[in-house]
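Next up, data-v6.pdb (PDB, C-alpha atoms and all ligand atoms):
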```
ATOM      1  CA  MET A 169       3.588 -13.009   1.375  1.00  0.00           C
ATOM      2  CA  LYS A 170       1.161 -15.676   2.534  1.00  0.00           C
ATOM      3  CA  GLU A 171       3.564 -18.466   1.601  1.00  0.00           C
ATOM      4  CA  LEU A 172       6.440 -16.837   3.420  1.00  0.00           C
ATOM      5  CA  HIS A 173       4.442 -16.160   6.576  1.00  0.00           C
ATOM      6  CA  GLY A 174       4.267 -19.888   7.260  1.00  0.00           C
ATOM      7  CA  LYS A 175       7.988 -20.426   6.884  1.00  0.00           C
ATOM      8  CA  LYS A 176      10.165 -21.234   9.844  1.00  0.00           C
ATOM      9  CA  GLY A 177      12.322 -18.148   9.429  1.00  0.00           C
ATOM     10  CA  PHE A 178       9.497 -15.607   9.549  1.00  0.00           C
ATOM     11  CA  LEU A 179      10.719 -13.398  12.376  1.00  0.00           C
ATOM     12  CA  PRO A 180       7.413 -11.972  13.686  1.00  0.00           C
ATOM     13  CA  ARG A 181       6.140 -15.496  14.345  1.00  0.00           C
ATOM     14  CA  LEU A 182       8.517 -15.619  17.316  1.00  0.00           C
ATOM     15  CA  THR A 183       7.753 -14.289  20.767  1.00  0.00           C
ATOM     16  CA  SER A 184       9.696 -11.356  22.173  1.00  0.00           C
ATOM     17  CA  ARG A 185      11.621 -13.732  24.413  1.00  0.00           C
ATOM     18  CA  GLN A 186      12.502 -15.979  21.476  1.00  0.00           C
ATOM     19  CA  VAL A 187      13.761 -12.979  19.496  1.00  0.00           C
ATOM     20  CA  LYS A 188      15.789 -11.837  22.486  1.00  0.00           C
ATOM     21  CA  GLU A 189      17.428 -15.232  22.849  1.00  0.00           C
ATOM     22  CA  LEU A 190      18.294 -15.684  19.151  1.00  0.00           C
ATOM     23  CA  PRO A 191      21.994 -15.792  18.353  1.00  0.00           C
ATOM     24  CA  LYS A 192      22.554 -12.484  16.545  1.00  0.00           C
ATOM     25  CA  GLU A 193      26.265 -12.541  15.700  1.00  0.00           C
ATOM     26  CA  ASN A 194      25.788 -14.020  12.227  1.00  0.00           C
ATOM     27  CA  ALA A 195      22.062 -13.469  11.846  1.00  0.00           C
ATOM     28  CA  LEU A 196      20.795 -11.802   8.685  1.00  0.00           C
ATOM     29  CA  VAL A 197      17.369 -10.185   8.575  1.00  0.00           C
ATOM     30  CA  ILE A 198      15.700  -9.725   5.176  1.00  0.00           C
ATOM     31  CA  LEU A 199      13.284  -6.871   4.488  1.00  0.00           C
ATOM     32  CA  PRO A 200      11.452  -7.256   1.144  1.00  0.00           C
ATOM     33  CA  ILE A 201      10.512  -3.963  -0.502  1.00  0.00           C
ATOM     34  CA  GLY A 202       8.326  -3.734  -3.610  1.00  0.00           C
ATOM     35  CA  ALA A 203       5.862  -1.341  -5.185  1.00  0.00           C
ATOM     36  CA  ILE A 204       2.199  -0.858  -6.037  1.00  0.00           C
ATOM     37  CA  GLU A 205       2.158   0.776  -9.456  1.00  0.00           C
ATOM     38  CA  GLN A 206       0.949   0.420 -13.016  1.00  0.00           C
ATOM     39  CA  HIS A 207       2.822  -2.400 -14.679  1.00  0.00           C
ATOM     40  CA  GLY A 208       1.598  -2.310 -18.248  1.00  0.00           C
ATOM     41  CA  PRO A 209      -1.785  -3.362 -19.625  1.00  0.00           C
ATOM     42  CA  HIS A 210      -1.653  -7.017 -18.585  1.00  0.00           C
ATOM     43  CA  LEU A 211      -0.001  -7.221 -15.163  1.00  0.00           C
ATOM     44  CA  PRO A 212      -1.362  -6.446 -11.676  1.00  0.00           C
ATOM     45  CA  VAL A 213      -0.213  -3.312  -9.905  1.00  0.00           C
ATOM     46  CA  MET A 214       1.415  -5.462  -7.214  1.00  0.00           C
ATOM     47  CA  THR A 215       3.753  -7.116  -9.748  1.00  0.00           C
ATOM     48  CA  ASP A 216       7.030  -5.919  -8.197  1.00  0.00           C
ATOM     49  CA  SER A 217       5.984  -7.126  -4.742  1.00  0.00           C
ATOM     50  CA  LEU A 218       4.801 -10.481  -6.125  1.00  0.00           C
ATOM     51  CA  ILE A 219       8.121 -10.972  -7.931  1.00  0.00           C
ATOM     52  CA  GLY A 220       9.948 -10.398  -4.639  1.00  0.00           C
ATOM     53  CA  GLU A 221       7.732 -12.889  -2.850  1.00  0.00           C
ATOM     54  CA  ALA A 222       8.233 -15.541  -5.531  1.00  0.00           C
ATOM     55  CA  ILE A 223      12.023 -15.161  -5.609  1.00  0.00           C
ATOM     56  CA  LEU A 224      12.339 -15.163  -1.825  1.00  0.00           C
ATOM     57  CA  THR A 225      10.082 -18.198  -1.479  1.00  0.00           C
ATOM     58  CA  LYS A 226      12.264 -20.169  -3.922  1.00  0.00           C
ATOM     59  CA  ALA A 227      15.523 -18.862  -2.468  1.00  0.00           C
ATOM     60  CA  LEU A 228      14.557 -19.766   1.098  1.00  0.00           C
ATOM     61  CA  GLU A 229      13.476 -23.235  -0.032  1.00  0.00           C
ATOM     62  CA  LYS A 230      16.936 -23.770  -1.514  1.00  0.00           C
ATOM     63  CA  THR A 231      18.779 -22.304   1.473  1.00  0.00           C
ATOM     64  CA  LYS A 232      20.312 -24.722   3.951  1.00  0.00           C
ATOM     65  CA  LYS A 233      18.118 -25.273   6.974  1.00  0.00           C
ATOM     66  CA  ASN A 234      19.169 -23.729  10.279  1.00  0.00           C
ATOM     67  CA  LEU A 235      21.042 -20.801   8.759  1.00  0.00           C
ATOM     68  CA  PRO A 236      20.346 -17.698  10.869  1.00  0.00           C
ATOM     69  CA  ILE A 237      18.240 -15.990   8.204  1.00  0.00           C
ATOM     70  CA  TRP A 238      15.104 -14.154   9.322  1.00  0.00           C
ATOM     71  CA  LEU A 239      12.426 -12.688   7.160  1.00  0.00           C
ATOM     72  CA  LEU A 240      10.335  -9.596   7.937  1.00  0.00           C
ATOM     73  CA  PRO A 241       6.900  -8.761   6.535  1.00  0.00           C
ATOM     74  CA  PRO A 242       7.383  -6.829   3.286  1.00  0.00           C
ATOM     75  CA  ILE A 243       6.979  -3.170   2.599  1.00  0.00           C
ATOM     76  CA  SER A 244       4.614  -3.714  -0.320  1.00  0.00           C
ATOM     77  CA  TYR A 245       4.580  -0.042  -1.320  1.00  0.00           C
ATOM     78  CA  GLY A 246       7.513   1.801  -2.841  1.00  0.00           C
ATOM     79  CA  LYS A 247       8.523   5.131  -4.243  1.00  0.00           C
ATOM     80  CA  SER A 248       6.679   5.045  -7.558  1.00  0.00           C
ATOM     81  CA  ASN A 249       6.176   8.721  -8.287  1.00  0.00           C
ATOM     82  CA  GLU A 250       7.284   8.088 -11.878  1.00  0.00           C
ATOM     83  CA  HIS A 251       3.972   6.192 -12.285  1.00  0.00           C
ATOM     84  CA  ILE A 252       1.668   8.704 -10.587  1.00  0.00           C
ATOM     85  CA  GLY A 253      -1.315   9.448 -12.802  1.00  0.00           C
ATOM     86  CA  PHE A 254      -1.804   5.795 -13.765  1.00  0.00           C
ATOM     87  CA  ALA A 255      -4.785   4.192 -12.040  1.00  0.00           C
ATOM     88  CA  GLY A 256      -3.725   1.785  -9.323  1.00  0.00           C
ATOM     89  CA  THR A 257      -0.395   3.433  -8.560  1.00  0.00           C
ATOM     90  CA  ILE A 258       0.033   4.135  -4.858  1.00  0.00           C
ATOM     91  CA  SER A 259       3.398   5.739  -4.194  1.00  0.00           C
ATOM     92  CA  LEU A 260       5.174   6.504  -0.950  1.00  0.00           C
ATOM     93  CA  SER A 261       7.039   9.789  -0.814  1.00  0.00           C
ATOM     94  CA  ALA A 262      10.819   9.560  -0.412  1.00  0.00           C
ATOM     95  CA  GLU A 263      10.460  10.907   3.129  1.00  0.00           C
ATOM     96  CA  THR A 264       7.895   8.250   4.052  1.00  0.00           C
ATOM     97  CA  LEU A 265       9.933   5.341   2.666  1.00  0.00           C
ATOM     98  CA  ILE A 266      13.088   6.652   4.333  1.00  0.00           C
ATOM     99  CA  GLY A 267      11.155   6.931   7.594  1.00  0.00           C
ATOM    100  CA  ILE A 268       9.727   3.406   7.412  1.00  0.00           C
ATOM    101  CA  VAL A 269      13.045   1.736   6.544  1.00  0.00           C
ATOM    102  CA  THR A 270      14.859   3.756   9.201  1.00  0.00           C
ATOM    103  CA  ASP A 271      12.316   2.921  11.899  1.00  0.00           C
ATOM    104  CA  ILE A 272      12.462  -0.795  11.057  1.00  0.00           C
ATOM    105  CA  ALA A 273      16.255  -0.701  11.154  1.00  0.00           C
ATOM    106  CA  VAL A 274      16.262   1.051  14.533  1.00  0.00           C
ATOM    107  CA  GLY A 275      13.885  -1.581  15.911  1.00  0.00           C
ATOM    108  CA  LEU A 276      16.128  -4.380  14.647  1.00  0.00           C
ATOM    109  CA  ARG A 277      19.259  -2.761  16.051  1.00  0.00           C
ATOM    110  CA  SER A 278      17.680  -2.293  19.470  1.00  0.00           C
ATOM    111  CA  SER A 279      16.638  -5.967  19.341  1.00  0.00           C
ATOM    112  CA  GLY A 280      20.310  -6.836  18.924  1.00  0.00           C
ATOM    113  CA  PHE A 281      20.497  -7.600  15.202  1.00  0.00           C
ATOM    114  CA  LYS A 282      23.573  -6.486  13.284  1.00  0.00           C
ATOM    115  CA  LYS A 283      22.827  -7.134   9.612  1.00  0.00           C
ATOM    116  CA  LEU A 284      19.877  -6.238   7.402  1.00  0.00           C
ATOM    117  CA  LEU A 285      19.368  -7.108   3.743  1.00  0.00           C
ATOM    118  CA  LEU A 286      17.064  -4.802   1.789  1.00  0.00           C
ATOM    119  CA  PHE A 287      15.578  -7.115  -0.845  1.00  0.00           C
ATOM    120  CA  ASN A 288      14.180  -4.637  -3.336  1.00  0.00           C
ATOM    121  CA  THR A 289      12.226  -5.464  -6.494  1.00  0.00           C
ATOM    122  CA  HIS A 290      11.366  -1.934  -7.700  1.00  0.00           C
ATOM    123  CA  GLY A 291      13.862   0.114  -9.713  1.00  0.00           C
ATOM    124  CA  GLY A 292      12.496   3.403  -8.381  1.00  0.00           C
ATOM    125  CA  ASN A 293      13.570   2.477  -4.842  1.00  0.00           C
ATOM    126  CA  VAL A 294      17.228   1.745  -5.635  1.00  0.00           C
ATOM    127  CA  ASP A 295      18.875   5.151  -5.205  1.00  0.00           C
ATOM    128  CA  LEU A 296      16.876   5.981  -2.097  1.00  0.00           C
ATOM    129  CA  LEU A 297      17.706   2.642  -0.436  1.00  0.00           C
ATOM    130  CA  HIS A 298      21.444   3.093  -1.057  1.00  0.00           C
ATOM    131  CA  PHE A 299      21.239   6.558   0.450  1.00  0.00           C
ATOM    132  CA  VAL A 300      19.226   5.510   3.495  1.00  0.00           C
ATOM    133  CA  SER A 301      21.470   2.482   4.080  1.00  0.00           C
ATOM    134  CA  ARG A 302      24.499   4.708   4.591  1.00  0.00           C
ATOM    135  CA  GLU A 303      22.552   7.023   6.881  1.00  0.00           C
ATOM    136  CA  ILE A 304      21.279   4.123   9.001  1.00  0.00           C
ATOM    137  CA  TYR A 305      24.734   2.562   9.275  1.00  0.00           C
ATOM    138  CA  LEU A 306      26.238   5.859  10.425  1.00  0.00           C
ATOM    139  CA  SER A 307      23.513   6.525  12.989  1.00  0.00           C
ATOM    140  CA  THR A 308      22.984   2.986  14.363  1.00  0.00           C
ATOM    141  CA  GLY A 309      25.916   0.756  13.334  1.00  0.00           C
ATOM    142  CA  LEU A 310      23.485  -1.663  11.681  1.00  0.00           C
ATOM    143  CA  ILE A 311      25.114  -3.074   8.528  1.00  0.00           C
ATOM    144  CA  LEU A 312      22.807  -2.923   5.513  1.00  0.00           C
ATOM    145  CA  PHE A 313      23.087  -4.805   2.247  1.00  0.00           C
ATOM    146  CA  ASN A 314      21.149  -3.831  -0.865  1.00  0.00           C
ATOM    147  CA  PHE A 315      20.024  -6.449  -3.331  1.00  0.00           C
ATOM    148  CA  SER A 316      17.754  -6.018  -6.337  1.00  0.00           C
ATOM    149  CA  PRO A 317      17.175  -9.248  -8.254  1.00  0.00           C
ATOM    150  CA  GLY A 318      16.509  -7.174 -11.390  1.00  0.00           C
ATOM    151  CA  SER A 319      20.163  -6.111 -11.387  1.00  0.00           C
ATOM    152  CA  LEU A 320      21.230  -9.743 -11.897  1.00  0.00           C
ATOM    153  CA  GLY A 321      19.474  -9.800 -15.261  1.00  0.00           C
ATOM    154  CA  LYS A 322      21.440  -6.741 -16.339  1.00  0.00           C
ATOM    155  CA  LEU A 323      24.715  -8.284 -15.206  1.00  0.00           C
ATOM    156  CA  MET A 324      24.049 -11.513 -17.078  1.00  0.00           C
ATOM    157  CA  ARG A 325      23.169  -9.862 -20.384  1.00  0.00           C
TER     158      ARG A 325
HETATM  159 ZN    ZN B   1       8.573  -1.103 -10.342  1.00  0.00          ZN
END
```

Let me see the structure of the file written as structure tokens.
Ligand SMILES: [Zn+2]
Amino acid sequence: MKELHGKKGFLPRLTSRQVKELPKENALVILPIGAIEQHGPHLPVMTDSLIGEAILTKALEKTKKNLPIWLLPPISYGKSNEHIGFAGTISLSAETLIGIVTDIAVGLRSSGFKKLLLFNTHGGNVDLLHFVSREIYLSTGLILFNFSPGSLGKLMR
């Protein structure tokens, strides 16, 4: 995420006061979520996370300036228990990933944000993120959107 860290919309670059004073009504925060897992004989174990970074970098370059879009540091690990046993796979348990996403959402809500996009590039996270999104909305009122770029390929085929 080195490229994205330097971008204007990288939320943690702001001070607490700047975050407090941001207009939140239409603001959208993006949380990238990937995976560290075996990805075949020729690709690095961070492939899913790197795909997310590349797509977001391009998408934010093409997005109109001054839109209230804010990017968070990624969760580079995912729920990859289907790949356990392959060297290089480091999987979060469902409980851990649910806990991390929930805690981030609670922090955003208490900072005044209303909308969070979960930008997920690992298939094994999909069901869990849909589930946790509903739970977070019910407990905090934060509106969550789920987007997996991989699903676009399936739609277009
Ligand atoms: Zn994956």

Original post:
Could you state the separation of CA of Val300 (chain A) and CA of Val269 (chain A) in Å, given to one decimal place?
Top reply: 7.9 Å

Original post:
What's the 10 Å shell around region 270-277 of chain A, counting only C-alpha atoms, without same-chain residues fewer than 2 positions away, as an MDAnalysis selection string?
Top reply: chainID A and resid 197 199 240 264:268 279:284 300:301 303:305 307:312

**OP:** Report the residues retrieved by the PyMOL selection byres (((chain A and resi 188) around 12) and not hetatm) from the displayed file, expressed as number ranges by chain.
**Re:** A: 179, 182-187, 189-192, 276-281

**OP:** Identify which of the residues A:Val294, A:Ala222, A:Leu239, A:Leu285 lies closest to ligand ZN 1 (chain B), counting only C-alpha atoms and all ligand atoms when measuring atom-to-atom distances.
**Re:**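 Among the listed residues, the smallest separation from ligand ZN 1 (chain B) belongs to A:Val294.
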
Would you write out, as a Markdown table, a table of all residues in chain A that have an atom no more than 8 Å from an atom of ligand ZN 1 (chain B), listing for each the closest atom pair and the distance in Å to one decimal, considering all atoms listed in the file and ordering rows by chain and rising residue number?
```
| residue | atom | partner | partner_atom | distance |
| --- | --- | --- | --- | --- |
| A:Gly202 | CA | B:ZN1 | ZN | 7.2 |
| A:Ala203 | CA | B:ZN1 | ZN | 5.8 |
| A:Ile204 | CA | B:ZN1 | ZN | 7.7 |
| A:Glu205 | CA | B:ZN1 | ZN | 6.7 |
| A:His207 | CA | B:ZN1 | ZN | 7.3 |
| A:Thr215 | CA | B:ZN1 | ZN | 7.7 |
| A:Asp216 | CA | B:ZN1 | ZN | 5.5 |
| A:Ser248 | CA | B:ZN1 | ZN | 7.0 |
| A:Thr289 | CA | B:ZN1 | ZN | 6.9 |
| A:His290 | CA | B:ZN1 | ZN | 3.9 |
| A:Gly291 | CA | B:ZN1 | ZN | 5.5 |
| A:Gly292 | CA | B:ZN1 | ZN | 6.3 |
```

Original post:
For the atom pair CA of Thr257 (chain A) and CA of Leu320 (chain A), what is the interatomic distance in Å to one decimal place?
Top reply: 25.5 Å

Subject >> Pick from A:Leu286, A:Leu224, A:Leu296, A:Ile198 nearest to Ile237 (chain A), counting all atoms listed in the file >> reply: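 Under the stated criterion, the closest residue is A:Ile198.
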